[in-house]
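This is structure15.txt (compact mmCIF, C-alpha atoms).
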# COMPACT_ATOMS: atom_id res chain seq x y z
CA MET A 9 -25.95 -9.49 66.89
CA CYS A 10 -27.41 -9.07 70.40
CA GLN A 11 -27.96 -5.34 69.81
CA VAL A 12 -29.66 -5.92 66.46
CA LEU A 13 -31.99 -8.61 67.84
CA VAL A 14 -32.55 -6.77 71.14
CA ALA A 15 -31.49 -9.80 73.19
CA SER A 16 -29.33 -10.07 76.30
CA LYS A 17 -25.86 -11.53 75.88
CA SER A 18 -26.54 -14.19 78.52
CA GLY A 19 -29.76 -15.24 76.80
CA TYR A 20 -28.04 -15.34 73.41
CA TYR A 21 -25.15 -17.53 74.59
CA ASP A 22 -27.54 -19.77 76.53
CA TRP A 23 -29.46 -20.30 73.28
CA LEU A 24 -26.23 -21.19 71.45
CA LYS A 25 -25.36 -23.87 74.05
CA ARG A 26 -28.68 -25.69 73.86
CA PRO A 27 -28.30 -29.20 72.42
CA MET A 28 -30.15 -29.66 69.15
CA THR A 29 -31.76 -33.01 70.00
CA VAL A 30 -34.14 -34.99 67.81
CA GLU A 31 -36.90 -34.25 70.32
CA TRP A 32 -36.18 -30.51 70.10
CA MET A 33 -36.20 -30.62 66.29
CA GLU A 34 -39.52 -32.49 66.28
CA ARG A 35 -41.05 -29.89 68.60
CA GLN A 36 -39.83 -27.10 66.31
CA GLU A 37 -41.35 -28.85 63.29
CA GLU A 38 -44.71 -29.25 65.04
CA ARG A 39 -44.59 -25.61 66.07
CA GLU A 40 -43.98 -24.50 62.48
CA LYS A 41 -46.82 -26.72 61.20
CA LEU A 42 -49.23 -25.10 63.65
CA ASN A 43 -48.03 -21.61 62.73
CA GLN A 44 -48.51 -22.30 59.02
CA ALA A 45 -52.03 -23.65 59.66
CA ILE A 46 -52.93 -20.54 61.68
CA LEU A 47 -51.61 -18.29 58.90
CA GLU A 48 -53.60 -20.20 56.26
CA ILE A 49 -56.86 -20.03 58.24
CA PHE A 50 -56.38 -16.35 59.09
CA HIS A 51 -55.68 -15.29 55.50
CA GLY A 52 -58.44 -17.58 54.24
CA SER A 53 -60.90 -15.62 56.39
CA TYR A 54 -59.66 -12.35 54.86
CA GLY A 55 -58.24 -11.45 58.23
CA THR A 56 -61.58 -11.63 60.05
CA TYR A 57 -61.06 -14.69 62.28
CA GLY A 58 -59.83 -14.23 65.85
CA SER A 59 -58.40 -16.96 68.07
CA PRO A 60 -61.80 -18.60 68.94
CA ARG A 61 -62.72 -19.29 65.31
CA ILE A 62 -59.19 -20.24 64.31
CA HIS A 63 -59.09 -22.64 67.28
CA LYS A 64 -62.33 -24.30 66.12
CA GLU A 65 -60.99 -24.69 62.58
CA LEU A 66 -57.72 -26.18 63.87
CA ILE A 67 -59.68 -28.77 65.87
CA ARG A 68 -61.63 -29.63 62.70
CA ARG A 69 -58.31 -30.21 60.97
CA GLY A 70 -57.09 -32.59 63.64
CA PHE A 71 -54.80 -30.34 65.69
CA GLU A 72 -54.74 -30.90 69.46
CA VAL A 73 -54.33 -27.37 70.77
CA CYS A 74 -56.09 -25.07 73.24
CA GLN A 75 -57.45 -21.64 72.41
CA LYS A 76 -54.94 -19.94 74.72
CA THR A 77 -52.06 -21.39 72.70
CA VAL A 78 -53.69 -20.18 69.47
CA ALA A 79 -54.03 -16.68 70.92
CA ILE A 80 -50.35 -16.68 71.95
CA ARG A 81 -49.25 -17.86 68.50
CA MET A 82 -51.36 -15.20 66.80
CA THR A 83 -49.67 -12.56 68.94
CA GLU A 84 -46.25 -13.94 67.98
CA LEU A 85 -47.25 -13.92 64.30
CA THR A 86 -48.64 -10.37 64.68
CA LEU A 87 -52.09 -11.48 63.51
CA THR A 88 -55.14 -9.53 64.63
CA ALA A 89 -58.71 -9.68 63.39
CA GLN A 90 -59.06 -5.92 63.79
CA PRO A 91 -58.06 -3.80 60.78
CA PRO A 92 -54.78 -1.94 61.36
CA LYS A 93 -54.99 1.78 62.11
CA ARG A 94 -52.40 2.56 59.46
CA LYS A 95 -51.03 0.47 56.65
CA ALA A 96 -48.55 1.32 53.96
CA ALA A 97 -49.66 0.31 50.50
CA THR A 98 -47.31 -1.89 48.52
CA THR A 99 -48.69 -3.42 45.33
CA ASP A 100 -51.98 -2.30 43.76
CA SER A 101 -53.94 -4.80 41.68
CA ASN A 102 -56.47 -2.20 40.49
CA HIS A 103 -54.99 -1.26 37.14
CA SER A 104 -55.60 -1.78 33.43
CA GLN A 105 -52.38 -3.62 32.61
CA PRO A 106 -52.43 -7.25 31.42
CA VAL A 107 -52.31 -9.96 34.09
CA TYR A 108 -51.11 -13.55 33.78
CA PRO A 109 -52.54 -16.91 34.94
CA ASN A 110 -51.51 -18.61 38.16
CA VAL A 111 -49.08 -21.25 36.87
CA VAL A 112 -47.70 -22.12 40.32
CA ALA A 113 -51.20 -22.78 41.74
CA ARG A 114 -49.92 -23.08 45.33
CA ASP A 115 -47.48 -25.86 44.41
CA PHE A 116 -44.67 -24.62 46.64
CA LYS A 117 -42.38 -27.66 46.31
CA ALA A 118 -39.96 -26.89 43.50
CA VAL A 119 -37.44 -29.74 43.29
CA GLU A 120 -34.73 -27.90 41.34
CA LEU A 121 -32.94 -24.60 41.81
CA ASN A 122 -33.79 -21.74 39.43
CA LYS A 123 -37.06 -23.33 38.33
CA VAL A 124 -39.50 -21.19 40.33
CA TRP A 125 -38.85 -17.73 41.76
CA VAL A 126 -41.40 -15.87 43.89
CA ALA A 127 -41.37 -12.09 44.34
CA ASP A 128 -43.10 -9.55 46.54
CA ILE A 129 -42.81 -6.06 48.04
CA THR A 130 -43.21 -5.15 51.71
CA TYR A 131 -42.70 -2.05 53.83
CA ILE A 132 -40.26 -1.30 56.64
CA ARG A 133 -41.40 1.33 59.13
CA HIS A 134 -38.83 3.60 60.82
CA MET A 135 -38.53 7.08 62.31
CA GLY A 136 -38.28 8.64 58.86
CA GLY A 137 -41.48 7.02 57.58
CA TRP A 138 -41.34 4.00 55.27
CA SER A 139 -38.76 2.10 53.28
CA TYR A 140 -39.81 -0.55 50.77
CA LEU A 141 -38.21 -3.96 50.29
CA ALA A 142 -38.57 -5.92 47.04
CA SER A 143 -37.44 -9.54 47.45
CA ILE A 144 -37.04 -12.53 45.15
CA MET A 145 -36.88 -16.05 46.61
CA ASP A 146 -35.86 -19.33 44.97
CA LEU A 147 -38.74 -21.63 45.89
CA CYS A 148 -36.53 -24.73 45.98
CA SER A 149 -34.08 -23.48 48.61
CA ARG A 150 -36.10 -20.61 50.16
CA LYS A 151 -33.02 -18.43 49.62
CA ILE A 152 -33.52 -14.71 49.05
CA ILE A 153 -31.48 -14.53 45.86
CA ALA A 154 -31.88 -10.78 45.37
CA TYR A 155 -33.50 -7.81 47.04
CA THR A 156 -33.63 -4.02 46.78
CA LEU A 157 -34.44 -1.38 49.39
CA GLY A 158 -35.77 2.05 48.47
CA ASP A 159 -37.94 4.94 49.59
CA THR A 160 -40.58 4.46 46.87
CA MET A 161 -42.37 1.41 45.52
CA GLU A 162 -42.22 2.38 41.87
CA THR A 163 -41.52 -0.33 39.27
CA GLU A 164 -37.79 0.38 39.40
CA LEU A 165 -37.65 -1.11 42.92
CA PRO A 166 -38.63 -4.71 42.03
CA LEU A 167 -37.04 -4.35 38.59
CA SER A 168 -33.69 -3.66 40.25
CA ALA A 169 -34.08 -6.83 42.33
CA LEU A 170 -34.96 -8.80 39.18
CA ARG A 171 -31.87 -7.53 37.35
CA LYS A 172 -29.70 -8.63 40.28
CA ALA A 173 -31.33 -12.07 40.42
CA LEU A 174 -30.86 -12.67 36.68
CA ALA A 175 -27.23 -11.55 36.81
CA ILE A 176 -26.40 -13.68 39.85
CA ARG A 177 -28.28 -16.88 38.98
CA GLN A 178 -28.35 -16.81 35.16
CA PRO A 179 -31.31 -19.22 34.98
CA GLU A 180 -32.10 -21.36 31.99
CA GLU A 181 -35.22 -20.71 29.94
CA ARG A 182 -38.65 -21.70 31.28
CA LEU A 183 -37.96 -20.28 34.72
CA ILE A 184 -41.32 -19.56 36.38
CA HIS A 185 -41.54 -16.11 38.00
CA HIS A 186 -44.49 -15.81 40.39
CA SER A 187 -45.80 -12.62 42.00
CA ASP A 188 -49.05 -10.91 42.89
CA ARG A 189 -50.95 -8.78 40.38
CA GLY A 190 -49.47 -5.48 41.53
CA SER A 191 -48.96 -2.80 38.91
CA GLN A 192 -45.18 -3.01 39.33
CA TYR A 193 -45.10 -6.70 38.36
CA CYS A 194 -47.63 -6.23 35.55
CA SER A 195 -45.78 -3.26 34.07
CA LYS A 196 -44.54 -3.54 30.50
CA VAL A 197 -40.90 -3.00 31.45
CA TYR A 198 -40.98 -5.70 34.14
CA THR A 199 -42.79 -8.36 32.10
CA LYS A 200 -40.56 -7.61 29.09
CA LYS A 201 -37.47 -8.23 31.21
CA LEU A 202 -38.90 -11.62 32.14
CA THR A 203 -39.95 -12.67 28.64
CA ASP A 204 -36.66 -11.46 27.16
CA ASN A 205 -34.98 -13.96 29.48
CA GLY A 206 -37.32 -16.81 28.55
CA ALA A 207 -39.28 -16.79 31.81
CA VAL A 208 -42.85 -17.96 32.27
CA ILE A 209 -44.91 -15.36 34.15
CA SER A 210 -47.26 -16.54 36.90
CA MET A 211 -49.47 -14.34 39.08
CA SER A 212 -51.66 -14.87 42.14
CA ARG A 213 -55.40 -14.54 41.98
CA LYS A 214 -56.69 -11.12 42.94
CA GLY A 215 -56.91 -10.53 46.68
CA ASP A 216 -55.51 -13.95 47.67
CA PRO A 217 -52.23 -13.59 49.64
CA TRP A 218 -52.04 -17.36 50.20
CA ASP A 219 -51.21 -17.80 46.50
CA ASN A 220 -47.83 -16.20 47.25
CA ALA A 221 -47.48 -17.60 50.77
CA CYS A 222 -43.76 -18.42 50.82
CA ILE A 223 -42.40 -14.96 50.08
CA GLU A 224 -45.11 -13.32 52.22
CA SER A 225 -44.16 -15.68 55.04
CA PHE A 226 -40.53 -14.54 54.70
CA HIS A 227 -41.54 -10.90 54.98
CA ALA A 228 -43.69 -11.71 58.04
CA THR A 229 -40.73 -13.55 59.60
CA LEU A 230 -38.41 -10.62 58.87
CA LYS A 231 -40.75 -8.25 60.68
CA LYS A 232 -41.38 -10.59 63.61
CA GLU A 233 -37.75 -11.53 64.17
CA LEU A 234 -36.16 -8.17 63.41
CA ILE A 235 -38.20 -5.08 62.54
CA TYR A 236 -40.67 -5.16 65.44
CA ARG A 237 -37.76 -5.60 67.85
CA LEU A 238 -35.63 -2.73 66.60
CA GLY A 239 -37.59 0.04 68.28
CA ARG A 240 -37.12 3.63 67.11
CA VAL A 241 -34.43 3.65 64.45
CA THR A 242 -33.47 5.86 61.52
CA ARG A 243 -33.94 4.83 57.92
CA GLU A 244 -30.24 4.05 57.58
CA GLU A 245 -30.24 1.90 60.73
CA ALA A 246 -33.35 0.00 59.66
CA GLU A 247 -32.07 -0.72 56.16
CA ARG A 248 -28.65 -1.76 57.49
CA ALA A 249 -30.34 -4.18 59.89
CA VAL A 250 -32.45 -5.66 57.08
CA ARG A 251 -29.38 -6.27 54.91
CA ASN A 252 -27.56 -7.89 57.81
CA TYR A 253 -30.55 -10.11 58.61
CA ILE A 254 -30.94 -11.38 55.05
CA ASP A 255 -27.25 -11.77 54.16
CA ASN A 256 -25.81 -12.92 57.47
CA PHE A 257 -28.68 -14.74 59.16
CA TYR A 258 -31.71 -15.73 57.08
CA ASN A 259 -29.83 -17.06 54.05
CA THR A 260 -26.78 -18.45 55.82
CA VAL A 261 -27.74 -19.43 59.38
CA ARG A 262 -31.48 -19.77 59.95
CA ILE A 263 -32.53 -23.40 59.60
CA HIS A 264 -35.81 -24.44 57.95
CA SER A 265 -37.70 -27.63 58.73
CA SER A 266 -38.82 -27.77 55.08
CA LEU A 267 -35.13 -27.93 54.11
CA GLY A 268 -34.26 -30.74 56.51
CA TYR A 269 -33.14 -28.22 59.14
CA LEU A 270 -30.54 -26.65 56.87
CA SER A 271 -30.12 -22.99 56.04
CA PRO A 272 -30.91 -21.96 52.44
CA VAL A 273 -27.20 -21.68 51.59
CA GLU A 274 -26.44 -25.07 53.15
CA PHE A 275 -29.35 -26.62 51.25
CA GLU A 276 -28.17 -25.19 47.93
CA LEU A 277 -24.62 -26.46 48.48
CA GLN A 278 -25.97 -29.92 49.32
CA LYS A 279 -28.26 -29.83 46.29
CA ILE A 280 -25.43 -28.85 43.95
CA TRP A 281 -23.20 -31.60 45.39
CA GLU A 282 -25.91 -34.25 44.99
CA ASP A 283 -26.54 -33.21 41.39
CA LEU A 284 -22.90 -33.54 40.35
CA PRO A 285 -22.32 -36.38 37.86
CA ALA A 286 -20.87 -39.51 39.43

Encoded form (structure tokens):
Amino acid sequence: MCQVLVASKSGYYDWLKRPMTVEWMERQEEREKLNQAILEIFHGSYGTYGSPRIHKELIRRGFEVCQKTVAIRMTELTLTAQPPKRKAATTDSNHSQPVYPNVVARDFKAVELNKVWVADITYIRHMGGWSYLASIMDLCSRKIIAYTLGDTMETELPLSALRKALAIRQPEERLIHHSDRGSQYCSKVYTKKLTDNGAVISMSRKGDPWDNACIESFHATLKKELIYRLGRVTREEAERAVRNYIDNFYNTVRIHSSLGYLSPVEFELQKIWEDLPA
């Protein structure tokens, strides 16, 4: 674990021994609220706001924070107002295929499992170039219920993840599947797979990443907590680390304030137990 996260053993064990007090949990919750606000303002400005403007907007919203703290958080979140020198394309909304309305409409508080799934594609950079990760998240538990890694971002990549999710979860009809308007998600074969399983298709508005914030936030967290700390690795090493992060940390260990400081797996087990008939 220490090697994967590029952390010293002493620092790792010191972190494990820290008491999880109410005060500590409250500080973590406030920190996450500020991070989410910064992300919302940054994406709302189409990536043009730097720390001075974001600081001013935070003050307008009632946050008590200095500009230096905002600048530090933006660095941690890998946000910069300058356009990146190189960016790997993932989904492309410039196509002639049918698109669907935004049914979710930024309502990210699903109260039941298998009612709303959100999907997205991101890239993983390594010494061999790029790998692509297609993920599907259950909005209720924030669990990554299925994912696929590959060296191309053709429709088969997210379609493979969708097949896995349907086989594992076997959702009832009227499941809402939300994604962006990328050609992969609008393709005939992908939408047919959804409609054949009774799903309602929902898509973000064009050019608005905040409409799919939860799954995009997961991909940003994956890069911040793992990918950017790996250094120079091969494709095989990068993909192995991603699988380990999702299966053995994010889903099973990493606590979320929105889940009452439970991991996604813990939250789902609690939810299933609570829903059992008396």

Show me, as a PyMOL selection string, the residues that have an atom within 12 Å of A:Gln36 when counting all atoms listed in the file, minus same-chain residues fewer than 4 positions from it. chain A and resi 28-32+40-43+263-266+268-269

For A:Tyr155, which of A:Glu120, A:Glu276, A:Asp283, A:Glu247 is the closest residue, counting all atoms listed in the file?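 For A:Tyr155, the nearest of the given residues is A:Glu247.
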
Can you tell me, as a ChimeraX atom specification, what residues are no more than 7 Å from A:Tyr131 when counting only C-alpha atoms, ignoring any on the same chain fewer than 6 positions away? /A:96,138-141

Between atom CA of A:Ile80 and atom CA of A:Ala45, what is the distance, to one decimal in Å?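 Between these atoms lies a distance of 14.2 Å.
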
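Using all atoms listed in the file for every distance, the candidate list A:Leu147, A:Ala175, A:Ile46, A:Leu277 yields A:Ile46 as the residue closest to A:Thr83.
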
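In this model, the gap between atom CA of A:Val124 and atom CA of A:Val197 comes to 20.3 Å.
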
When you count only C-alpha atoms, which of these residues is closest to A:Thr229: A:Val250, A:Asp204, A:Pro272, A:Arg68?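 Distance minimum relative to A:Thr229 lands on A:Val250.
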
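Separating atom CA of A:Val126 from atom CA of A:Glu34 is a distance of 27.9 Å.
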
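Of the listed residues (A:Arg171, A:His227, A:His185, A:Lys200), A:His185 comes nearest to A:Asp146; the distances count all atoms listed in the file.
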
Every residue with an atom at most 12 Å from (-30.2, -21.2, 23.1) (file coordinates; all atoms listed in the file) is what I'm after, so could you write them as a PyMOL selection string? chain A and resi 180-182+205-206

Within 8 Å of stretch 252-262 of chain A using all atoms listed in the file, minus same-chain residues under 5 positions, as number ranges by chain: A: 151-152, 230, 234, 270-274

Using all atoms listed in the file, can you tell me which of A:Ser191, A:Tyr108, A:Arg177, A:His134 comes closest to A:Glu162? A:Ser191

Can you work out which one of A:Asp188, A:Asp128, A:Glu244, A:Glu233 has the shortest atom-to-atom distance to A:Val107, counting only C-alpha atoms? A:Asp188
